[in-house]
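File shown: start.pdb. Contents: PDB, C-alpha atoms and all ligand atoms.
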ATOM      1  CA  MET A 119     -23.806 -11.995 -19.309  1.00  0.00           C
ATOM      2  CA  LYS A 120     -20.832 -10.011 -20.545  1.00  0.00           C
ATOM      3  CA  ASN A 121     -21.740  -7.082 -18.280  1.00  0.00           C
ATOM      4  CA  LEU A 122     -22.013  -9.388 -15.311  1.00  0.00           C
ATOM      5  CA  MET A 123     -18.545 -10.755 -15.957  1.00  0.00           C
ATOM      6  CA  ILE A 124     -17.082  -7.259 -16.224  1.00  0.00           C
ATOM      7  CA  ALA A 125     -18.790  -6.251 -12.992  1.00  0.00           C
ATOM      8  CA  THR A 126     -17.442  -9.343 -11.236  1.00  0.00           C
ATOM      9  CA  ALA A 127     -13.917  -8.696 -12.495  1.00  0.00           C
ATOM     10  CA  ALA A 128     -14.129  -5.087 -11.313  1.00  0.00           C
ATOM     11  CA  THR A 129     -15.311  -6.167  -7.857  1.00  0.00           C
ATOM     12  CA  VAL A 130     -12.470  -8.664  -7.537  1.00  0.00           C
ATOM     13  CA  ALA A 131      -9.928  -6.039  -8.597  1.00  0.00           C
ATOM     14  CA  LEU A 132     -11.355  -3.563  -6.102  1.00  0.00           C
ATOM     15  CA  MET A 133     -11.253  -6.096  -3.265  1.00  0.00           C
ATOM     16  CA  ALA A 134      -7.673  -6.996  -4.140  1.00  0.00           C
ATOM     17  CA  SER A 135      -6.579  -3.357  -3.963  1.00  0.00           C
ATOM     18  CA  VAL A 136      -8.365  -2.785  -0.643  1.00  0.00           C
ATOM     19  CA  THR A 137      -6.627  -5.814   0.877  1.00  0.00           C
ATOM     20  CA  THR A 138      -3.192  -4.622  -0.267  1.00  0.00           C
ATOM     21  CA  THR A 139      -3.611  -1.163   1.256  1.00  0.00           C
ATOM     22  CA  ALA A 140      -4.801  -2.597   4.550  1.00  0.00           C
ATOM     23  CA  GLN A 141      -1.793  -4.900   4.803  1.00  0.00           C
ATOM     24  CA  ALA A 142       1.031  -2.574   3.837  1.00  0.00           C
ATOM     25  CA  ALA A 143       1.835   0.023   6.469  1.00  0.00           C
ATOM     26  CA  ASP A 144       1.529   3.250   4.527  1.00  0.00           C
ATOM     27  CA  GLY A 145       3.533   5.920   6.333  1.00  0.00           C
ATOM     28  CA  GLN A 146       2.193   8.818   4.326  1.00  0.00           C
ATOM     29  CA  LYS A 147      -1.427   7.801   4.838  1.00  0.00           C
ATOM     30  CA  THR A 148      -0.960   7.290   8.571  1.00  0.00           C
ATOM     31  CA  PHE A 149       0.854  10.601   8.836  1.00  0.00           C
ATOM     32  CA  GLN A 150      -1.999  12.402   7.122  1.00  0.00           C
ATOM     33  CA  SER A 151      -4.706  10.819   9.221  1.00  0.00           C
ATOM     34  CA  ALA A 152      -2.990  10.692  12.632  1.00  0.00           C
ATOM     35  CA  CYS A 153       0.004  13.034  12.772  1.00  0.00           C
ATOM     36  CA  PHE A 154      -0.773  15.924  10.433  1.00  0.00           C
ATOM     37  CA  ALA A 155      -2.890  17.834  12.968  1.00  0.00           C
ATOM     38  CA  CYS A 156       0.272  18.593  14.945  1.00  0.00           C
ATOM     39  CA  HIS A 157       3.234  17.746  12.697  1.00  0.00           C
ATOM     40  CA  GLY A 158       1.722  19.336   9.596  1.00  0.00           C
ATOM     41  CA  THR A 159       1.069  22.642  11.316  1.00  0.00           C
ATOM     42  CA  GLY A 160       3.484  22.868  14.256  1.00  0.00           C
ATOM     43  CA  ALA A 161       0.515  22.825  16.649  1.00  0.00           C
ATOM     44  CA  ALA A 162       1.288  22.123  20.330  1.00  0.00           C
ATOM     45  CA  GLY A 163       5.015  22.667  19.622  1.00  0.00           C
ATOM     46  CA  ALA A 164       5.353  19.662  17.313  1.00  0.00           C
ATOM     47  CA  PRO A 165       8.317  19.640  14.917  1.00  0.00           C
ATOM     48  CA  MET A 166       6.825  20.351  11.501  1.00  0.00           C
ATOM     49  CA  ILE A 167       7.270  17.875   8.686  1.00  0.00           C
ATOM     50  CA  GLY A 168       9.933  18.976   6.182  1.00  0.00           C
ATOM     51  CA  HIS A 169      11.702  21.294   8.663  1.00  0.00           C
ATOM     52  CA  LYS A 170      15.288  20.090   8.639  1.00  0.00           C
ATOM     53  CA  ASP A 171      16.297  22.323  11.566  1.00  0.00           C
ATOM     54  CA  ALA A 172      13.537  20.950  13.767  1.00  0.00           C
ATOM     55  CA  TRP A 173      14.194  17.319  12.822  1.00  0.00           C
ATOM     56  CA  GLY A 174      18.003  17.232  12.524  1.00  0.00           C
ATOM     57  CA  PRO A 175      18.756  17.037  16.277  1.00  0.00           C
ATOM     58  CA  ARG A 176      15.926  14.530  16.753  1.00  0.00           C
ATOM     59  CA  ILE A 177      17.133  12.264  13.936  1.00  0.00           C
ATOM     60  CA  ALA A 178      20.605  12.426  15.554  1.00  0.00           C
ATOM     61  CA  LYS A 179      19.113  10.565  18.567  1.00  0.00           C
ATOM     62  CA  GLY A 180      18.520   7.578  16.299  1.00  0.00           C
ATOM     63  CA  ILE A 181      15.430   6.176  14.624  1.00  0.00           C
ATOM     64  CA  ALA A 182      14.908   3.634  17.425  1.00  0.00           C
ATOM     65  CA  THR A 183      14.518   6.455  19.962  1.00  0.00           C
ATOM     66  CA  LEU A 184      12.115   8.356  17.713  1.00  0.00           C
ATOM     67  CA  GLU A 185      10.025   5.220  17.181  1.00  0.00           C
ATOM     68  CA  LYS A 186       9.954   4.556  20.922  1.00  0.00           C
ATOM     69  CA  HIS A 187       8.833   8.123  21.634  1.00  0.00           C
ATOM     70  CA  ALA A 188       6.172   7.980  18.918  1.00  0.00           C
ATOM     71  CA  LEU A 189       4.830   4.646  20.192  1.00  0.00           C
ATOM     72  CA  HIS A 190       4.885   5.319  23.929  1.00  0.00           C
ATOM     73  CA  GLY A 191       4.740   9.097  24.119  1.00  0.00           C
ATOM     74  CA  PHE A 192       7.367  11.682  24.924  1.00  0.00           C
ATOM     75  CA  LYS A 193       7.532  14.928  26.858  1.00  0.00           C
ATOM     76  CA  GLY A 194      10.224  17.270  25.600  1.00  0.00           C
ATOM     77  CA  LYS A 195      11.100  20.964  25.816  1.00  0.00           C
ATOM     78  CA  LYS A 196       8.549  21.908  23.161  1.00  0.00           C
ATOM     79  CA  GLY A 197       5.517  20.024  24.373  1.00  0.00           C
ATOM     80  CA  VAL A 198       3.977  16.604  24.677  1.00  0.00           C
ATOM     81  CA  MET A 199       3.967  13.951  22.002  1.00  0.00           C
ATOM     82  CA  PRO A 200       1.036  11.655  22.889  1.00  0.00           C
ATOM     83  CA  ALA A 201       1.580   7.886  22.528  1.00  0.00           C
ATOM     84  CA  LYS A 202       0.792   6.960  18.915  1.00  0.00           C
ATOM     85  CA  GLY A 203      -0.346  10.554  18.412  1.00  0.00           C
ATOM     86  CA  GLY A 204      -3.390   9.674  20.514  1.00  0.00           C
ATOM     87  CA  ARG A 205      -4.473   7.014  18.037  1.00  0.00           C
ATOM     88  CA  SER A 206      -4.289   3.814  20.059  1.00  0.00           C
ATOM     89  CA  ASP A 207      -6.058   2.014  17.184  1.00  0.00           C
ATOM     90  CA  LEU A 208      -2.896   2.253  15.059  1.00  0.00           C
ATOM     91  CA  SER A 209      -0.569  -0.733  14.896  1.00  0.00           C
ATOM     92  CA  ASP A 210       3.080  -0.318  15.913  1.00  0.00           C
ATOM     93  CA  ALA A 211       4.011  -0.859  12.260  1.00  0.00           C
ATOM     94  CA  ASP A 212       1.725   2.000  11.181  1.00  0.00           C
ATOM     95  CA  VAL A 213       3.330   4.379  13.669  1.00  0.00           C
ATOM     96  CA  LYS A 214       6.871   3.330  12.703  1.00  0.00           C
ATOM     97  CA  ALA A 215       6.017   3.830   9.030  1.00  0.00           C
ATOM     98  CA  ALA A 216       4.741   7.334   9.826  1.00  0.00           C
ATOM     99  CA  VAL A 217       7.984   8.115  11.701  1.00  0.00           C
ATOM    100  CA  ALA A 218       9.996   6.864   8.703  1.00  0.00           C
ATOM    101  CA  TYR A 219       7.883   9.043   6.421  1.00  0.00           C
ATOM    102  CA  MET A 220       8.505  12.191   8.495  1.00  0.00           C
ATOM    103  CA  VAL A 221      12.219  11.413   8.789  1.00  0.00           C
ATOM    104  CA  SER A 222      12.451  10.890   5.009  1.00  0.00           C
ATOM    105  CA  LYS A 223      10.954  14.354   4.483  1.00  0.00           C
ATOM    106  CA  ALA A 224      13.569  15.976   6.734  1.00  0.00           C
ATOM    107  CA  LYS A 225      16.572  14.851   4.687  1.00  0.00           C
TER     108      LYS A 225
HETATM  109  C1  LIG B   1      -1.364  16.311  19.676  1.00  0.00           C
HETATM  110  C2  LIG B   1      -0.267  16.679  18.822  1.00  0.00           C
HETATM  111  C3  LIG B   1       0.572  15.574  18.217  1.00  0.00           C
HETATM  112  C4  LIG B   1       0.170  14.531  17.400  1.00  0.00           C
HETATM  113  C5  LIG B   1      -1.238  14.201  16.938  1.00  0.00           C
HETATM  114  C6  LIG B   1       1.373  13.819  17.034  1.00  0.00           C
HETATM  115  N1  LIG B   1       2.469  14.391  17.603  1.00  0.00           N
HETATM  116 FE1  LIG B   1       4.410  13.750  17.448  1.00  0.00          FE
HETATM  117  N2  LIG B   1       5.020  15.296  18.643  1.00  0.00           N
HETATM  118  C7  LIG B   1       4.196  16.265  19.194  1.00  0.00           C
HETATM  119  C8  LIG B   1       4.998  17.219  19.919  1.00  0.00           C
HETATM  120  C9  LIG B   1       4.482  18.457  20.661  1.00  0.00           C
HETATM  121  C10 LIG B   1       6.335  16.803  19.819  1.00  0.00           C
HETATM  122  C11 LIG B   1       7.588  17.485  20.381  1.00  0.00           C
HETATM  123  C12 LIG B   1       7.832  17.134  21.822  1.00  0.00           C
HETATM  124  C13 LIG B   1       9.053  17.868  22.320  1.00  0.00           C
HETATM  125  O1  LIG B   1      10.152  17.626  21.802  1.00  0.00           O
HETATM  126  O2  LIG B   1       8.928  18.672  23.238  1.00  0.00           O
HETATM  127  C14 LIG B   1       6.317  15.578  18.991  1.00  0.00           C
HETATM  128  C15 LIG B   1       7.444  14.847  18.663  1.00  0.00           C
HETATM  129  C16 LIG B   1       7.440  13.723  17.846  1.00  0.00           C
HETATM  130  C17 LIG B   1       8.619  12.963  17.482  1.00  0.00           C
HETATM  131  C18 LIG B   1      10.048  13.272  17.928  1.00  0.00           C
HETATM  132  C19 LIG B   1      10.327  12.626  19.257  1.00  0.00           C
HETATM  133  C20 LIG B   1      11.716  12.915  19.743  1.00  0.00           C
HETATM  134  O3  LIG B   1      12.278  12.052  20.437  1.00  0.00           O
HETATM  135  O4  LIG B   1      12.278  13.970  19.462  1.00  0.00           O
HETATM  136  C21 LIG B   1       8.217  11.945  16.684  1.00  0.00           C
HETATM  137  C22 LIG B   1       9.102  10.881  16.044  1.00  0.00           C
HETATM  138  C23 LIG B   1       6.786  12.056  16.544  1.00  0.00           C
HETATM  139  N3  LIG B   1       6.341  13.136  17.261  1.00  0.00           N
HETATM  140  C24 LIG B   1       6.016  11.203  15.793  1.00  0.00           C
HETATM  141  C25 LIG B   1       4.627  11.312  15.646  1.00  0.00           C
HETATM  142  C26 LIG B   1       3.837  10.411  14.850  1.00  0.00           C
HETATM  143  C27 LIG B   1       4.386   9.250  14.063  1.00  0.00           C
HETATM  144  C28 LIG B   1       2.539  10.834  14.958  1.00  0.00           C
HETATM  145  C29 LIG B   1       1.300  10.211  14.317  1.00  0.00           C
HETATM  146  C30 LIG B   1       1.096   8.787  14.538  1.00  0.00           C
HETATM  147  C31 LIG B   1       2.523  11.999  15.833  1.00  0.00           C
HETATM  148  N4  LIG B   1       3.811  12.256  16.224  1.00  0.00           N
HETATM  149  C32 LIG B   1       1.375  12.706  16.195  1.00  0.00           C
HETATM  150  C33 LIG B   1       2.826  16.346  19.061  1.00  0.00           C
HETATM  151  C34 LIG B   1       2.033  15.467  18.340  1.00  0.00           C
END
Could you quickly redo this structure as structure tokens?
Ligand code: HEC
Amino acid sequence: MKNLMIATAATVALMASVTTTAQAADGQKTFQSACFACHGTGAAGAPMIGHKDAWGPRIAKGIATLEKHALHGFKGKKGVMPAKGGRSDLSDADVKAAVAYMVSKAK
């Protein structure tokens, strides 16, 4: 009986933690799963995360512009940023959180 109660408590705790992660837009997680392929490596001409020189002039355009370009796509001098990084399954909040994460790493 005691084991059963411990198992039940563990299951409830696990379910609670899964729900929290699904609800909160986690910029770092989204970045790693959807943006890293280009922004972690510089592939396709993408500005690499953590590179202040690459991000400075972009951040100067304003976060709203960066969010718009990340959500709807953007063709610049370096290459093409696909809408939502090609991950149409992501919510707008996920993409904005990933933008905020990359911007925070460029400061
Ligand atoms: C297939 C490669 C690729 C993926 C995946 C990708 N990007 Fe990009 N991204 C680019 C490229 C290339 C540029 C630079 C375009 C240019 O300036 O010429 C860019 C530029 C950007 C910019 C700057 C836009 C601007 O106005 O200067 C933001 C913000 C951005 N990406 C966010 C994201 C986010 C968030 C994700 C993940 C959800 C993501 N990207 C995934 C290729 C990619």
Quiz prompt | Given the PyMOL selection byres (((not hetatm)) within 7 of (chain B and resi 1)), the residues it picks as a ChimeraX atom specification | solution = /A:148-149,152-157,161-165,176,183-185,187-188,192-200,202-205,213-214,216-217
Practice problem: May I have the residues within 10 Å of Trp173 (chain A) as a ChimeraX atom specification, using all atoms listed in the file and disregarding those fewer than 6 positions away in the same chain? | Solution: /A:165-167,220-221,223-225
Step by step, gather every atom of region 217-223 of chain A that the file lists, find the box along x, y and z that holds them, add 3 Å on each side, and finally give centre and edge lengths in Å to one decimal, as JSON.
{"center_x": 10.2, "center_y": 10.6, "center_z": 8.1, "size_x": 10.6, "size_y": 13.5, "size_z": 13.2}
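You can rank A:Leu189, A:Ile177, A:Ala182, A:Ala172 by their closest distance to Asp210 (chain A) using only C-alpha atoms, and at the top of that list sits A:Leu189.
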Quiz item: Mind pulling up the distance from CA of Lys179 (chain A) to CA of Leu208 (chain A)?
Solution: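 We find that CA of Leu208 (chain A) and CA of Lys179 (chain A) lie 23.8 Å from each other.
Taking CA of Asp144 (chain A) and CA of Lys170 (chain A) as the two end points, the separation is 22.1 Å.
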Exercise. For CA of Tyr219 (chain A) and CA of Gly145 (chain A), quote the distance in Å rounded to one decimal.
Key: 5.4 Å
